Amino acid sequence: MPDSQGRRIALGCEGSANKLGIGIIAHDASGAAHVLSNVRHTFVSPPGTGFLPKDTAHHHRSFFVRVAKQALRDAGVSPSALDCICFTRGPGMGGPLTSVAVGARTLSLLWGKPLVGVNHCVGHIEMGRAITGASNPVVLYVSGGNTQVIAYAEQRYRIFGETLDIAVGNCLDRFARTLEISNDPAPGYNIEQLAKQGGRVLLDLPYAVKGMDCSFSGILGRADELAAVMRSGGKGPDGEDFTPADLCFTLQETIFAMLVEITERAMAHVGSNQVLIVGGVGCNERLQDMMGKMAAERGGSVYATDERFCIDNGIMIAHAGLLAYETGFETALEESTCTQRFRTDEVFVKWRN
Amino acid sequence: MALKTTALENRPWGALVHLALFHDVTNSAFLHSQLLAKNPDYEYAFIDASSIFSEHQLLSAAYRAINAAATSALQTPNVHSEVILSLSPNNNIADAYRRWGISPRTKSLIVLKIIFHDSPSVPGPQPSAAEVWSTISQLVSGTPVDPFSDAAVRKETNWAAVRKYYKLNGVAALQNIADDAARQCQMERLALMGMALRGL
Amino acid sequence: MTVNPTTAGASEPQFPLPSILTNPASAPPLLIAQGAEGRLYKTTYLVPELACAVKYRPPKPYRHPLLDARLTKARLSSEAKVLDRCARDGVPVPALYAIDAAAGWMALEWIEGAPVRQGINEWLGARPETDTTPDEQVDQTPLVDLMRRIGTVMGALHRTGVVHGDLTTSNMMLRPWKDGHTGGGNGTVLDGDVVLIDFGLATQSQSDEDRAVDLYVLERAFASTHPRAEAHFEYVLEAYGKTFKKAPSVLVKLADVRMRGRKRSMLG
């Protein structure tokens, strides 16, 4: 029910990986979106380790109430003002997803508000569109859990290209573990900083693009091998010395070139010259830079959001959820289960034509 | 003048390719020794005609050699030695000289000369075709064949050697072709591809 | 007559010619196609009478220059080797005339004729609007023949151990039959030798899965480009199944691949 100013307000809960995010969004009478609050708390595991589902779920459960209360406070709204409670149905890690869903269901029952289940990827896409104003770009969605090239057509976000094995963010996270780089604030961020110190040497890592798809486990395996060689004092295949910074630099240059290539293919296929990068890996400035060069060559441009929105957050769930809610979509309590696999193109994008 | 001059399509450095064919050559041993001595007056591609089956084969090798010269990618001392290597499908330079280059036993000889009319390293006016022919005809003791043509070249072709050098024996694409001309055409195609693939 | 391509205005400012094509020739190069991968030009090789296609992969400024050079060289080399393998086995493909992998170009035999896509569209479209004869009653022999020829060529390709990677009816040419062609023709726009082109995404593989996906891509391309001819695709598979020993197992795999569906929906 729109409030006195004609606004609809939604609260969104996200926790598909190690970031717990809760945010509140308002859509005004003209349909414009306003971020009222965006609170996040990240579960950081020690260097050399990754975050396990059990520990992550525990973290989300521990912080849910705190983060929810903060979100309401920051927004200056009371629960009664909310139109709906949105939550991430999937895809993602089972335990963490469910913990947050339990929280969302509780709020829904407590405050008597309808639930809206949201696809995590669609959340990223809709938030990216709203923040950047890019109307119909090809979307590169890259995070620890996902790597997809997406274009909108006939009420679906269609997947043009994707990883054939692991996500690019996962590749970066695991390599950070190999090098025992800190996970604070995020392993990918620290690889990016370390890479800036490299660049003297570009090693030869296997470049794996197959048509519109790409794969990362081969390159990760080779990078791990080279790291082991480096640690034991060995030299590169051409007899060169190299440092962790050189490895990070090489890894970034190679995997980002792969991502730009499959994005360009999709752009050529659909005849678009706009690119929107969403997902945690989208924060990377080198990736944005490379994508921007490619887009500029085609007479287009790249759009990206800052870390408030490209890293997993609750506001994107609130926004995408509210868009769906406004077309009459709701998720009944009995159907509010989570799912680890949830393809982006399974969602009927009724709010666009 | 039994010299054929070709301006190749998309030619770097204004290159012109001059070709002459001689039968019953009597001074092969001498010419060969001048090459080994790297005598600068003998900078030509002296090619044994028995390993050659077409003009395109020669021009293709010349084009590759010219492009190598123009992109600083020569693998041999000069563009003419590069032509010999470019006739081969593999990078073994000694084998290439032995199989396509002149030897004391050469009876039919093809002389190929490349003149760059637009090269940064060789400025100034270059010899004309008439001048090139004049020099060549004095160097080689043999009977010039006029005109230079595929038919003339093919009279000397040792097809068994060609099939061996370009690895064409038993190749599926050459089976079941009744017509001789058609089979030779297909062989040429494959041999040219082999030359193009050298080094990849 | 020699034309210097730069003064003849052959290239648009935003598509610089590869330097090899800035050299003198009897006619300026013609830009035939350009995609994300690179550009295709029509020019001549060695002599004015020998038409050729030059495929050019320009450098990508967004990539690290060393990576870019390595990639371009590797991709051109791979494509060249695949073409050689096919040619030696008698699979109808363009001949490779010359290549400079470091400079990013390769020169290929020019294939006369039109793409199969155009032939099929013309043949299907040739019946006037007023012709209400149902498809089943019109003589489909030329189309069926063509489908079989396509299936046979695909079988020859796969038997050689190559998978095309991007099979569509735009990547197959119908080259006019030479004089003395036996086996008759139908005197229709569907006559000609099927010649496969554009091996930029081809790989060397003998797995049933890769071969089945290759067939599936062509099947989907047919469905979206020539829906009225889709029913005849079975003749492609029928002919394919007879070409080599492992072909039937590929067809079995194809049923699997169809059921999984392509993970993405093609937009035609």
# chains A, B, ... in the order shown; residues from 1 in each chain; ligands from 1
>>> select_by_dssp(residues="stretch 8-163 of chain B", states="helix (DSSP H, G or I)", output="ChimeraX atom specification")
/B:12-14,28-36,40-42,49-51,55-70,79-86,93-100,129-139,150-154,159-163
>>> residues_around(residues="B:Asn27", least_positions_apart="6", cutoff="8 Å", atoms="only C-alpha atoms", output="list of chain:residue names")
B:Pro104, B:Val140, B:Ser141, B:Gly142
>>> write_last_selection(atoms="N, CA and C atoms", output="CSV table (one decimal), in the first residue's frame")
chain,number,residue,atom,x,y,z
B,104,PRO,N,75.9,-29.4,-57.5
B,104,PRO,CA,76.7,-29.7,-58.7
B,104,PRO,C,76.0,-30.6,-59.7
B,140,VAL,N,74.9,-17.9,-66.1
B,140,VAL,CA,74.5,-19.3,-66.2
B,140,VAL,C,74.9,-19.8,-67.6
B,141,SER,N,75.6,-20.9,-67.6
B,141,SER,CA,75.9,-21.6,-68.9
B,141,SER,C,74.9,-22.7,-69.1
B,142,GLY,N,73.9,-22.3,-70.0
B,142,GLY,CA,72.8,-23.3,-70.2
B,142,GLY,C,71.9,-22.7,-71.3
>>> interface_residues(of="chain A", to="chain C", cutoff="8 Å", atoms="only C-alpha atoms", output="number ranges by chain")
A: 158-161, 202, 210-211, 253-254, 257, 264-265, 268, 290-291, 293-294
>>> closest_residue(among="A:Val39, A:Leu203, A:Ile277, A:Met267", to="A:Glu240", atoms="only C-alpha atoms")
A:Leu203
>>> select_by_dssp(residues="stretch 195-236 of chain A", states="strand (DSSP E or B)", output="JSON, numbers by chain")
{"A": [209, 210, 213, 214]}
>>> write_last_selection(atoms="N, CA, C and O atoms", output="PDB file, in the first residue's frame")
ATOM      1  N   VAL A 209      38.913 -19.579 -23.153  1.00  0.00           N
ATOM      2  CA  VAL A 209      37.616 -19.114 -23.645  1.00  0.00           C
ATOM      3  C   VAL A 209      37.154 -20.108 -24.695  1.00  0.00           C
ATOM      4  O   VAL A 209      37.912 -20.458 -25.588  1.00  0.00           O
ATOM      5  N   LYS A 210      35.914 -20.579 -24.561  1.00  0.00           N
ATOM      6  CA  LYS A 210      35.384 -21.528 -25.541  1.00  0.00           C
ATOM      7  C   LYS A 210      34.054 -20.980 -26.041  1.00  0.00           C
ATOM      8  O   LYS A 210      33.020 -21.122 -25.406  1.00  0.00           O
ATOM      9  N   ASP A 213      31.656 -19.067 -23.668  1.00  0.00           N
ATOM     10  CA  ASP A 213      31.884 -19.499 -22.295  1.00  0.00           C
ATOM     11  C   ASP A 213      33.359 -19.429 -21.940  1.00  0.00           C
ATOM     12  O   ASP A 213      34.210 -19.284 -22.808  1.00  0.00           O
ATOM     13  N   CYS A 214      33.660 -19.559 -20.659  1.00  0.00           N
ATOM     14  CA  CYS A 214      35.053 -19.598 -20.238  1.00  0.00           C
ATOM     15  C   CYS A 214      35.179 -20.523 -19.033  1.00  0.00           C
ATOM     16  O   CYS A 214      34.177 -20.909 -18.435  1.00  0.00           O
TER      17      CYS A 214
END
>>> residues_around(residues="C:Leu83", least_positions_apart="4", cutoff="7 Å", atoms="only C-alpha atoms", output="ChimeraX atom specification")
/C:79,87,93
>>> write_last_selection(atoms="C-alpha atoms", output="CSV table (one decimal), in the first residue's frame")
chain,number,residue,atom,x,y,z
C,79,GLU,CA,43.0,-22.4,-37.3
C,87,ALA,CA,42.5,-30.3,-46.6
C,93,VAL,CA,37.5,-26.2,-46.9
>>> interface_residues(of="chain C", to="chain B", cutoff="6 Å", atoms="only C-alpha atoms", output="NGL selection string")
:C and (21 or 23-25 or 45-47 or 77 or 88-90 or 96-98)
>>> atom_distance(atom1="atom CA of B:Pro144", atom2="atom CA of B:Ala20")
7.3 Å
>>> residues_around(residues="C:Asp100", least_positions_apart="3", cutoff="9 Å", atoms="only C-alpha atoms", output="list in words")
Arg64, Asn67 and Ala196 of chain B; Lys73, Leu76, Ala103, Gly104, Trp105, Met106 and Ala107 of chain C
>>> write_last_selection(atoms="N, CA and C atoms", output="short mmCIF file (atom, residue, chain, number, x, y, z; two decimals), in the first residue's frame")
data_model
loop_
_atom_site.label_atom_id
_atom_site.label_comp_id
_atom_site.auth_asym_id
_atom_site.auth_seq_id
_atom_site.Cartn_x
_atom_site.Cartn_y
_atom_site.Cartn_z
N ARG B 64 56.59 -15.05 -49.37
CA ARG B 64 56.88 -15.25 -47.95
C ARG B 64 58.24 -14.67 -47.59
N ASN B 67 58.01 -10.85 -47.50
CA ASN B 67 57.33 -10.40 -46.30
C ASN B 67 58.23 -10.55 -45.07
N ALA B 196 53.04 -22.71 -46.40
CA ALA B 196 52.48 -21.64 -45.56
C ALA B 196 52.58 -22.00 -44.08
N LYS C 73 48.54 -15.07 -32.13
CA LYS C 73 49.40 -16.05 -32.80
C LYS C 73 48.84 -17.46 -32.59
N LEU C 76 45.50 -18.02 -34.67
CA LEU C 76 45.72 -18.14 -36.12
C LEU C 76 46.41 -19.46 -36.43
N ALA C 103 51.78 -10.98 -37.36
CA ALA C 103 51.10 -9.77 -37.83
C ALA C 103 49.58 -9.92 -37.78
N GLY C 104 49.10 -11.12 -37.47
CA GLY C 104 47.67 -11.31 -37.27
C GLY C 104 46.84 -11.56 -38.52
N TRP C 105 47.42 -12.00 -39.63
CA TRP C 105 46.60 -12.25 -40.82
C TRP C 105 46.87 -13.59 -41.46
N MET C 106 45.86 -14.08 -42.16
CA MET C 106 46.04 -15.27 -42.99
C MET C 106 45.30 -15.06 -44.31
N ALA C 107 45.87 -15.60 -45.40
CA ALA C 107 45.25 -15.49 -46.72
C ALA C 107 44.71 -16.85 -47.10
#
>>> residues_around(residues="C:Pro58", least_positions_apart="3", cutoff="8 Å", atoms="only C-alpha atoms", output="list in words")
Pro18, Gly38, Arg39 and Gly104 of chain C
>>> atom_distance(atom1="atom CA of C:Val54", atom2="atom CA of B:Trp100")
28.5 Å
>>> residues_around(residues="C:Leu251", least_positions_apart="2", cutoff="10 Å", atoms="only C-alpha atoms", output="PyMOL selection string")
chain C and resi 208-209+211-212+215-216+237-238+240-241+246-249+253-257
>>> atom_distance(atom1="atom CA of A:Glu180", atom2="atom CA of A:Tyr207")
24.1 Å
>>> residues_around(residues="C:Glu109", least_positions_apart="6", cutoff="6 Å", atoms="only C-alpha atoms", output="ChimeraX atom specification")
/C:52,94-95
>>> write_last_selection(atoms="N, CA and C atoms", output="mmCIF file, in the first residue's frame")
data_model
loop_
_atom_site.group_PDB
_atom_site.id
_atom_site.type_symbol
_atom_site.label_atom_id
_atom_site.label_comp_id
_atom_site.auth_asym_id
_atom_site.auth_seq_id
_atom_site.Cartn_x
_atom_site.Cartn_y
_atom_site.Cartn_z
ATOM 1 N N CYS C 52 41.468 -14.029 -53.206
ATOM 2 C CA CYS C 52 41.656 -14.652 -51.901
ATOM 3 C C CYS C 52 40.946 -13.859 -50.818
ATOM 4 N N PRO C 94 38.495 -24.042 -47.449
ATOM 5 C CA PRO C 94 39.372 -23.178 -48.248
ATOM 6 C C PRO C 94 40.840 -23.567 -48.027
ATOM 7 N N ALA C 95 41.649 -23.452 -49.070
ATOM 8 C CA ALA C 95 43.079 -23.705 -48.914
ATOM 9 C C ALA C 95 43.719 -22.514 -48.219
#
>>> closest_residue(among="C:Thr44, C:Ser26, C:Ser78, C:Thr169", to="C:Val217", atoms="only C-alpha atoms")
C:Thr169
